[in-house]
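entry_28.pdb (PDB, C-alpha atoms)
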```pdb
ATOM      1  CA  MET Q   1      88.631 123.724 115.281
ATOM      2  CA  ILE Q   2      87.506 122.157 111.969
ATOM      3  CA  ALA Q   3      91.123 121.438 111.031
ATOM      4  CA  LEU Q   4      91.715 119.653 114.343
ATOM      5  CA  VAL Q   5      88.564 117.549 113.967
ATOM      6  CA  ASN Q   6      89.563 116.660 110.404
ATOM      7  CA  PHE Q   7      93.007 115.598 111.586
ATOM      8  CA  PHE Q   8      91.817 113.246 114.336
ATOM      9  CA  ILE Q   9      89.044 111.694 112.240
ATOM     10  CA  SER Q  10      91.311 111.033 109.256
ATOM     11  CA  PHE Q  11      94.048 109.752 111.594
ATOM     12  CA  PHE Q  12      91.605 107.266 113.120
ATOM     13  CA  PHE Q  13      90.247 105.998 109.803
ATOM     14  CA  SER Q  14      93.738 105.797 108.326
ATOM     15  CA  PHE Q  15      94.984 103.770 111.298
ATOM     16  CA  ILE Q  16      92.140 101.238 111.285
ATOM     17  CA  GLY Q  17      92.130 101.133 107.470
ATOM     18  CA  THR Q  18      95.766 100.028 107.465
ATOM     19  CA  ILE Q  19      95.202  97.175 109.939
ATOM     20  CA  PRO Q  20      93.767  94.559 107.517
ATOM     21  CA  PRO Q  21      96.530  92.493 105.873
ATOM     22  CA  GLY Q  22      97.639  94.122 102.643
ATOM     23  CA  THR Q  23     100.613  94.695 100.382
ATOM     24  CA  LEU Q  24     102.212  97.427 102.474
ATOM     25  CA  ASN Q  25     101.724  96.300 106.062
ATOM     26  CA  LEU Q  26     102.755  92.725 105.255
ATOM     27  CA  SER Q  27     105.881  94.026 103.504
ATOM     28  CA  ILE Q  28     106.654  96.091 106.626
ATOM     29  CA  LEU Q  29     106.134  93.008 108.778
ATOM     30  CA  GLN Q  30     108.435  90.949 106.567
ATOM     31  CA  LEU Q  31     111.210  93.530 106.812
ATOM     32  CA  GLY Q  32     110.805  93.530 110.583
ATOM     33  CA  LEU Q  33     110.960  89.729 110.722
ATOM     34  CA  GLU Q  34     114.145  89.880 108.670
ATOM     35  CA  ASN Q  35     115.479  92.268 111.321
ATOM     36  CA  LYS Q  36     115.864  95.067 108.746
ATOM     37  CA  VAL Q  37     114.517  97.732 111.087
ATOM     38  CA  ALA Q  38     116.181 100.718 109.380
ATOM     39  CA  VAL Q  39     114.897  99.564 105.986
ATOM     40  CA  ALA Q  40     111.419  99.065 107.470
ATOM     41  CA  TRP Q  41     111.441 102.612 108.852
ATOM     42  CA  ARG Q  42     112.350 104.055 105.444
ATOM     43  CA  PHE Q  43     109.670 101.913 103.820
ATOM     44  CA  ALA Q  44     107.067 103.137 106.337
ATOM     45  CA  LEU Q  45     108.017 106.767 105.775
ATOM     46  CA  ALA Q  46     107.779 106.420 101.993
ATOM     47  CA  ALA Q  47     104.405 104.661 102.204
ATOM     48  CA  ALA Q  48     103.011 107.330 104.525
ATOM     49  CA  LEU Q  49     104.196 110.088 102.183
ATOM     50  CA  ILE Q  50     102.634 108.430  99.123
ATOM     51  CA  GLU Q  51      99.346 108.109 101.016
ATOM     52  CA  TYR Q  52      99.148 111.907 101.039
ATOM     53  CA  PRO Q  53      98.866 112.479  97.253
ATOM     54  CA  TYR Q  54      96.713 109.354  96.872
ATOM     55  CA  ALA Q  55      94.193 110.729  99.346
ATOM     56  CA  TRP Q  56      94.368 114.145  97.672
ATOM     57  CA  LEU Q  57      93.590 112.540  94.289
ATOM     58  CA  ALA Q  58      90.724 110.610  95.874
ATOM     59  CA  ILE Q  59      89.212 113.840  97.188
ATOM     60  CA  ARG Q  60      89.711 115.802  93.973
ATOM     61  CA  PHE Q  61      88.461 113.094  91.625
ATOM     62  CA  GLU Q  62      85.943 111.411  93.895
ATOM     63  CA  GLU Q  63      82.987 111.676  91.498
ATOM     64  CA  PHE Q  64      85.014 110.580  88.457
ATOM     65  CA  ILE Q  65      86.589 107.580  90.198
ATOM     66  CA  THR Q  66      83.320 106.296  91.667
ATOM     67  CA  SER Q  67      81.598 106.603  88.282
ATOM     68  CA  SER Q  68      84.382 104.920  86.286
ATOM     69  CA  PRO Q  69      83.347 101.330  85.449
ATOM     70  CA  VAL Q  70      86.921 100.413  84.507
ATOM     71  CA  ILE Q  71      88.104 101.063  88.075
ATOM     72  CA  THR Q  72      85.063  99.970  90.066
ATOM     73  CA  GLU Q  73      84.404  96.758  88.130
ATOM     74  CA  ASN Q  74      88.023  95.592  87.992
ATOM     75  CA  ILE Q  75      89.334  96.586  91.432
ATOM     76  CA  HIS Q  76      89.355  92.944  92.624
ATOM     77  CA  LEU Q  77      91.293  91.843  89.552
ATOM     78  CA  ILE Q  78      93.832  94.671  89.937
ATOM     79  CA  THR Q  79      94.217  93.818  93.626
ATOM     80  CA  ALA Q  80      94.656  90.110  92.879
ATOM     81  CA  ILE Q  81      97.360  90.655  90.268
ATOM     82  CA  VAL Q  82      99.388  93.091  92.395
ATOM     83  CA  MET Q  83      99.170  90.997  95.582
ATOM     84  CA  ILE Q  84     100.120  87.733  93.863
ATOM     85  CA  ILE Q  85     103.091  89.346  92.092
ATOM     86  CA  ILE Q  86     104.394  91.047  95.233
ATOM     87  CA  GLY Q  87     103.664  87.983  97.383
ATOM     88  CA  THR Q  88     105.629  85.779  94.976
ATOM     89  CA  TYR Q  89     108.499  88.257  94.976
ATOM     90  CA  ASN Q  90     108.481  88.342  98.796
ATOM     91  CA  LEU Q  91     108.699  84.537  98.966
ATOM     92  CA  TRP Q  92     111.554  84.487  96.494
ATOM     93  CA  SER Q  93     113.518  87.289  98.173
ATOM     94  CA  ALA Q  94     112.936  85.829 101.658
ATOM     95  CA  GLY Q  95     114.347  82.481 100.548
ATOM     96  CA  LYS Q  96     117.509  83.674  98.845
ATOM     97  CA  PRO Q  97     117.685  87.235  97.556
ATOM     98  CA  ALA Q  98     119.675  87.602  94.349
ATOM     99  CA  SER Q  99     122.498  90.116  94.209
ATOM    100  CA  SER Q 100     120.658  92.062  91.504
ATOM    101  CA  SER Q 101     117.747  92.714  93.850
ATOM    102  CA  SER Q 102     119.724  93.343  97.045
ATOM    103  CA  LYS Q 103     120.068  97.062  96.376
ATOM    104  CA  PHE Q 104     116.309  97.418  95.904
ATOM    105  CA  ASN Q 105     115.579  95.293  98.992
ATOM    106  CA  ASN Q 106     117.933  97.357 101.146
ATOM    107  CA  SER Q 107     116.528 100.662  99.932
ATOM    108  CA  GLY Q 108     113.409 100.831 102.033
ATOM    109  CA  PHE Q 109     112.383 104.246 100.760
ATOM    110  CA  ARG Q 110     112.444 103.336  97.056
ATOM    111  CA  ARG Q 111     110.743 100.032  97.778
ATOM    112  CA  GLY Q 112     108.074 101.806  99.834
ATOM    113  CA  VAL Q 113     107.442 104.356  97.080
ATOM    114  CA  LEU Q 114     107.116 101.689  94.382
ATOM    115  CA  LEU Q 115     104.827  99.361  96.327
ATOM    116  CA  SER Q 116     102.700 102.285  97.542
ATOM    117  CA  ILE Q 117     102.198 103.492  93.979
ATOM    118  CA  LEU Q 118     101.277  99.950  92.931
ATOM    119  CA  ASN Q 119      98.884  99.565  95.868
ATOM    120  CA  PRO Q 120      95.465  99.290  94.159
ATOM    121  CA  LEU Q 121      93.362  99.748  97.290
ATOM    122  CA  ALA Q 122      94.448 103.187  98.492
ATOM    123  CA  LEU Q 123      92.523 105.243  95.944
ATOM    124  CA  PRO Q 124      89.113 103.512  96.208
ATOM    125  CA  PHE Q 125      89.481 103.256 100.000
ATOM    126  CA  TRP Q 126      89.891 107.005 100.392
ATOM    127  CA  VAL Q 127      87.226 107.758  97.801
ATOM    128  CA  GLY Q 128      84.719 105.691  99.762
ATOM    129  CA  THR Q 129      85.867 106.810 103.202
ATOM    130  CA  THR Q 130      85.939 110.504 102.303
ATOM    131  CA  ALA Q 131      82.529 110.314 100.638
ATOM    132  CA  TYR Q 132      81.107 108.670 103.771
ATOM    133  CA  LEU Q 133      82.703 111.146 106.178
ATOM    134  CA  LYS Q 134      81.441 114.075 104.120
ATOM    135  CA  SER Q 135      77.939 112.636 103.889
ATOM    136  CA  GLN Q 136      77.850 112.288 107.683
ATOM    137  CA  HIS Q 137      79.165 115.866 108.038
ATOM    138  CA  TRP Q 138      82.051 114.608 110.155
ATOM    139  CA  VAL Q 139      84.625 116.421 108.037
ATOM    140  CA  GLU Q 140      84.634 119.636 106.026
ATOM    141  CA  LEU Q 141      87.177 120.012 103.235
ATOM    142  CA  ASN Q 142      86.179 123.372 101.822
ATOM    143  CA  THR Q 143      89.295 125.291 102.916
ATOM    144  CA  THR Q 144      93.002 124.724 102.322
ATOM    145  CA  ILE Q 145      93.754 124.298 106.031
ATOM    146  CA  ALA Q 146      90.875 121.848 106.497
ATOM    147  CA  LEU Q 147      91.951 119.804 103.475
ATOM    148  CA  HIS Q 148      95.617 119.522 104.422
ATOM    149  CA  SER Q 149      94.898 118.778 108.079
ATOM    150  CA  TYR Q 150      92.778 115.889 106.799
ATOM    151  CA  LEU Q 151      95.622 114.680 104.562
ATOM    152  CA  ILE Q 152      98.250 115.007 107.316
ATOM    153  CA  GLY Q 153      96.044 112.915 109.601
ATOM    154  CA  ILE Q 154      95.888 110.221 106.923
ATOM    155  CA  SER Q 155      99.678 110.080 106.506
ATOM    156  CA  LEU Q 156     100.367 110.049 110.250
ATOM    157  CA  GLY Q 157      97.712 107.404 110.902
ATOM    158  CA  THR Q 158      99.393 105.132 108.362
ATOM    159  CA  LEU Q 159     102.846 105.829 109.785
ATOM    160  CA  THR Q 160     101.663 105.096 113.340
ATOM    161  CA  LEU Q 161     100.259 101.693 112.374
ATOM    162  CA  PHE Q 162     103.438 100.829 110.493
ATOM    163  CA  THR Q 163     105.491 101.846 113.541
ATOM    164  CA  LEU Q 164     103.502  99.391 115.672
ATOM    165  CA  LEU Q 165     104.078  96.631 113.103
ATOM    166  CA  ILE Q 166     107.836  97.265 113.145
ATOM    167  CA  TYR Q 167     107.821  97.153 116.956
ATOM    168  CA  MET Q 168     105.803  93.907 116.974
ATOM    169  CA  ALA Q 169     108.132  92.313 114.423
ATOM    170  CA  LYS Q 170     111.167  93.252 116.539
ATOM    171  CA  LYS Q 171     109.550  91.550 119.534
ATOM    172  CA  ILE Q 172     108.867  88.396 117.522
ATOM    173  CA  VAL Q 173     112.430  88.281 116.194
ATOM    174  CA  SER Q 174     113.888  88.747 119.659
ATOM    175  CA  ARG Q 175     111.871  85.819 121.033
ATOM    176  CA  ALA Q 176     111.992  83.387 118.123
ATOM    177  CA  SER Q 177     114.701  81.967 115.947
ATOM    178  CA  GLN Q 178     114.929  83.506 112.498
ATOM    179  CA  SER Q 179     113.684  80.737 110.233
ATOM    180  CA  THR Q 180     113.059  80.947 106.511
ATOM    181  CA  LEU Q 181     109.436  79.926 107.086
ATOM    182  CA  LEU Q 182     108.884  82.864 109.449
ATOM    183  CA  LYS Q 183     110.174  85.290 106.809
ATOM    184  CA  LYS Q 184     107.923  83.735 104.174
ATOM    185  CA  ILE Q 185     104.675  84.142 106.143
ATOM    186  CA  PRO Q 186     103.891  87.677 104.807
ATOM    187  CA  GLY Q 187     104.452  86.509 101.228
ATOM    188  CA  ILE Q 188     102.202  83.480 101.734
ATOM    189  CA  ILE Q 189      99.440  85.684 103.173
ATOM    190  CA  LEU Q 190      99.760  88.135 100.255
ATOM    191  CA  ILE Q 191      99.394  85.338  97.694
ATOM    192  CA  ALA Q 192      96.394  83.923  99.588
ATOM    193  CA  LEU Q 193      94.724  87.343  99.662
ATOM    194  CA  GLY Q 194      95.496  87.819  95.981
ATOM    195  CA  LEU Q 195      93.912  84.468  95.095
ATOM    196  CA  TYR Q 196      90.861  85.362  97.194
ATOM    197  CA  ALA Q 197      90.525  88.691  95.369
ATOM    198  CA  PHE Q 198      90.859  86.874  92.028
ATOM    199  CA  ILE Q 199      88.116  84.388  92.986
ATOM    200  CA  THR Q 200      85.910  87.307  94.098
ATOM    201  CA  TYR Q 201      86.456  88.952  90.721
ATOM    202  CA  LEU Q 202      85.454  85.759  88.857
ATOM    203  CA  ILE Q 203      82.346  85.293  90.978
TER     204      ILE Q 203
END
```
Could you spell out this file's structure in structure tokens?
Amino acid sequence: MIALVNFFISFFFSFIGTIPPGTLNLSILQLGLENKVAVAWRFALAAALIEYPYAWLAIRFEEFITSSPVITENIHLITAIVMIIIGTYNLWSAGKPASSSSKFNNSGFRRGVLLSILNPLALPFWVGTTAYLKSQHWVELNTTIALHSYLIGISLGTLTLFTLLIYMAKKIVSRASQSTLLKKIPGIILIALGLYAFITYLI
């Protein structure tokens, strides 16, 4: 019973936690807008798989991560740098991908793994979320089954949201002409979010 509760709670928080615009879901949306559905699926699978060990690390090193000033004080700066870099790359590749990057762009799984590893928000998000859920006694992670049911819920929640984004992108592509501007929207949003995070860090 505890394992089932853990699964549904982590699934829910993973799903809603993936909704705000970020590096991964905007990259998924861009691939969908470029009509690269197979690549988007591989990207989504890779991102969901990487979420598993990230959440595990968050649980295991919760106290250390929350007490580390290097991580907690610089999370906005880390986020800003990663988002601006990836947003710039997305704009460049959406305009006219170079032949040297085409292999990486068409390998959704490798791209998903790399961007998921570089995602600076996953670790602190799951540290905070897990700490809250434990403090409210909504989840119990004191057994192997309970822990892994929690982690599986996280991965599947992420994958479900990404699946919806791919479906939405397909609908948009089918009803609108494929313009360069449309493909650049995710990159523009990423850069804007990165600049906002940078300003927040300076303030």
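Going from atom CA of Ile152 of chain Q to atom CA of Phe125 of chain Q covers 16.4 Å.
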What lies within 12 Å of Arg60 of chain Q using all atoms listed in the file, ignoring chain neighbours under 6 positions off, as a count of residues only? 11
I'd like the neighbourhood of Ala3 of chain Q as number ranges by chain, where a residue qualifies if any of its atoms comes within 6 Å (using all atoms listed in the file), though same-chain residues fewer than 3 positions away should be ignored. Q: 6, 146, 149
Contacts of Leu29 of chain Q at 10 Å (all atoms listed in the file; same-chain gap of 5+ positions) as a ChimeraX atom specification: /Q:24,34-37,40,162,164-170,183,185-186
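Distances from Q:Thr160, Q:Thr144, Q:Ser135, Q:Thr129 to Ala55 of chain Q were compared using all atoms listed in the file, and the smallest one belongs to Q:Thr129.
For the atom pair formed by atom CA of Phe8 of chain Q and atom CA of Ile154 of chain Q, the distance is 9.0 Å, given to one decimal.
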If the PyMOL selection byres ((chain Q and resi 13) around 10) were run on this exact file, what residues would it hold? Put them as a list in words.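 Matching residues under the PyMOL selection byres ((chain Q and resi 13) around 10) are Phe8, Ile9, Ser10, Phe11, Phe12, Ser14, Phe15, Ile16, Gly17, Thr18, Trp126, Thr129, Thr130, Leu133, Gly153, Ile154, Gly157 and Thr158 of chain Q.
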Looking at only C-alpha atoms, which of Q:Ile59, Q:Ala46, Q:Val139, Q:Leu156 is the one that sits closest to Ile117 of chain Q? Q:Ala46
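Distances from Q:Ala47, Q:Leu57, Q:Ile145, Q:Leu118 to Leu4 of chain Q were compared using all atoms listed in the file, and the smallest one belongs to Q:Ile145.
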Selected residue, from Q:Thr88, Q:Tyr52, Q:Phe61, Q:Thr163, that lies nearest to Leu195 of chain Q when counting all atoms listed in the file: Q:Thr88
Take segment 34-45 of chain Q, model all heavy atoms, and hand the result over as a short mmCIF file (atom, residue, chain, number, x, y, z; two decimals), keeping the file's coordinate frame.
```cif
data_model
loop_
_atom_site.label_atom_id
_atom_site.label_comp_id
_atom_site.auth_asym_id
_atom_site.auth_seq_id
_atom_site.Cartn_x
_atom_site.Cartn_y
_atom_site.Cartn_z
N GLU Q 34 112.79 90.07 109.17
CA GLU Q 34 114.14 89.88 108.67
C GLU Q 34 115.16 90.73 109.44
O GLU Q 34 116.33 90.76 109.10
CB GLU Q 34 114.20 90.22 107.18
CG GLU Q 34 113.41 89.26 106.31
CD GLU Q 34 113.36 89.70 104.85
OE1 GLU Q 34 113.89 90.80 104.53
OE2 GLU Q 34 112.79 88.97 104.03
N ASN Q 35 114.65 91.42 110.46
CA ASN Q 35 115.48 92.27 111.32
C ASN Q 35 116.11 93.44 110.56
O ASN Q 35 117.17 93.93 110.92
CB ASN Q 35 116.58 91.44 112.00
CG ASN Q 35 116.97 92.02 113.35
OD1 ASN Q 35 116.22 92.80 113.95
ND2 ASN Q 35 118.15 91.67 113.83
N LYS Q 36 115.42 93.90 109.52
CA LYS Q 36 115.86 95.07 108.75
C LYS Q 36 115.07 96.29 109.22
O LYS Q 36 114.25 96.85 108.50
CB LYS Q 36 115.66 94.83 107.26
CG LYS Q 36 116.47 93.67 106.69
CD LYS Q 36 116.19 93.48 105.21
CE LYS Q 36 117.00 92.34 104.63
NZ LYS Q 36 116.70 92.11 103.19
N VAL Q 37 115.31 96.68 110.45
CA VAL Q 37 114.52 97.73 111.09
C VAL Q 37 114.69 99.08 110.38
O VAL Q 37 113.72 99.78 110.13
CB VAL Q 37 114.88 97.86 112.58
CG1 VAL Q 37 114.10 99.00 113.22
CG2 VAL Q 37 114.60 96.55 113.31
N ALA Q 38 115.93 99.44 110.04
CA ALA Q 38 116.18 100.72 109.38
C ALA Q 38 115.50 100.76 108.02
O ALA Q 38 114.91 101.78 107.63
CB ALA Q 38 117.69 100.95 109.22
N VAL Q 39 115.56 99.65 107.29
CA VAL Q 39 114.90 99.56 105.99
C VAL Q 39 113.38 99.68 106.16
O VAL Q 39 112.70 100.36 105.39
CB VAL Q 39 115.25 98.24 105.28
CG1 VAL Q 39 114.53 98.12 103.94
CG2 VAL Q 39 116.76 98.15 105.05
N ALA Q 40 112.85 99.02 107.19
CA ALA Q 40 111.42 99.06 107.47
C ALA Q 40 110.96 100.48 107.79
O ALA Q 40 109.89 100.92 107.35
CB ALA Q 40 111.08 98.13 108.64
N TRP Q 41 111.78 101.23 108.53
CA TRP Q 41 111.44 102.61 108.85
C TRP Q 41 111.37 103.47 107.59
O TRP Q 41 110.46 104.28 107.43
CB TRP Q 41 112.47 103.21 109.82
CG TRP Q 41 112.20 102.89 111.25
CD1 TRP Q 41 112.92 102.07 112.07
CD2 TRP Q 41 111.12 103.38 112.06
NE1 TRP Q 41 112.36 102.01 113.32
CE2 TRP Q 41 111.26 102.81 113.35
CE3 TRP Q 41 110.05 104.23 111.82
CZ2 TRP Q 41 110.37 103.07 114.38
CZ3 TRP Q 41 109.16 104.50 112.85
CH2 TRP Q 41 109.33 103.92 114.12
N ARG Q 42 112.35 103.29 106.69
CA ARG Q 42 112.35 104.06 105.44
C ARG Q 42 111.16 103.67 104.56
O ARG Q 42 110.55 104.52 103.92
CB ARG Q 42 113.67 103.84 104.70
CG ARG Q 42 114.88 104.44 105.41
CD ARG Q 42 116.09 104.52 104.50
NE ARG Q 42 116.59 103.21 104.09
CZ ARG Q 42 117.48 102.52 104.78
NH1 ARG Q 42 118.00 103.01 105.91
NH2 ARG Q 42 117.91 101.34 104.34
N PHE Q 43 110.84 102.40 104.57
CA PHE Q 43 109.67 101.91 103.82
C PHE Q 43 108.40 102.57 104.37
O PHE Q 43 107.55 103.05 103.61
CB PHE Q 43 109.59 100.40 103.95
CG PHE Q 43 108.49 99.76 103.14
CD1 PHE Q 43 108.79 99.07 101.98
CD2 PHE Q 43 107.16 99.85 103.55
CE1 PHE Q 43 107.77 98.47 101.23
CE2 PHE Q 43 106.14 99.27 102.81
CZ PHE Q 43 106.44 98.58 101.65
N ALA Q 44 108.26 102.56 105.70
CA ALA Q 44 107.07 103.14 106.34
C ALA Q 44 106.93 104.62 106.03
O ALA Q 44 105.83 105.11 105.75
CB ALA Q 44 107.14 102.91 107.85
N LEU Q 45 108.04 105.34 106.06
CA LEU Q 45 108.02 106.77 105.78
C LEU Q 45 107.59 107.02 104.34
O LEU Q 45 106.75 107.89 104.07
CB LEU Q 45 109.40 107.38 106.02
CG LEU Q 45 109.54 108.88 105.75
CD1 LEU Q 45 108.59 109.68 106.63
CD2 LEU Q 45 110.99 109.33 105.97
#
```
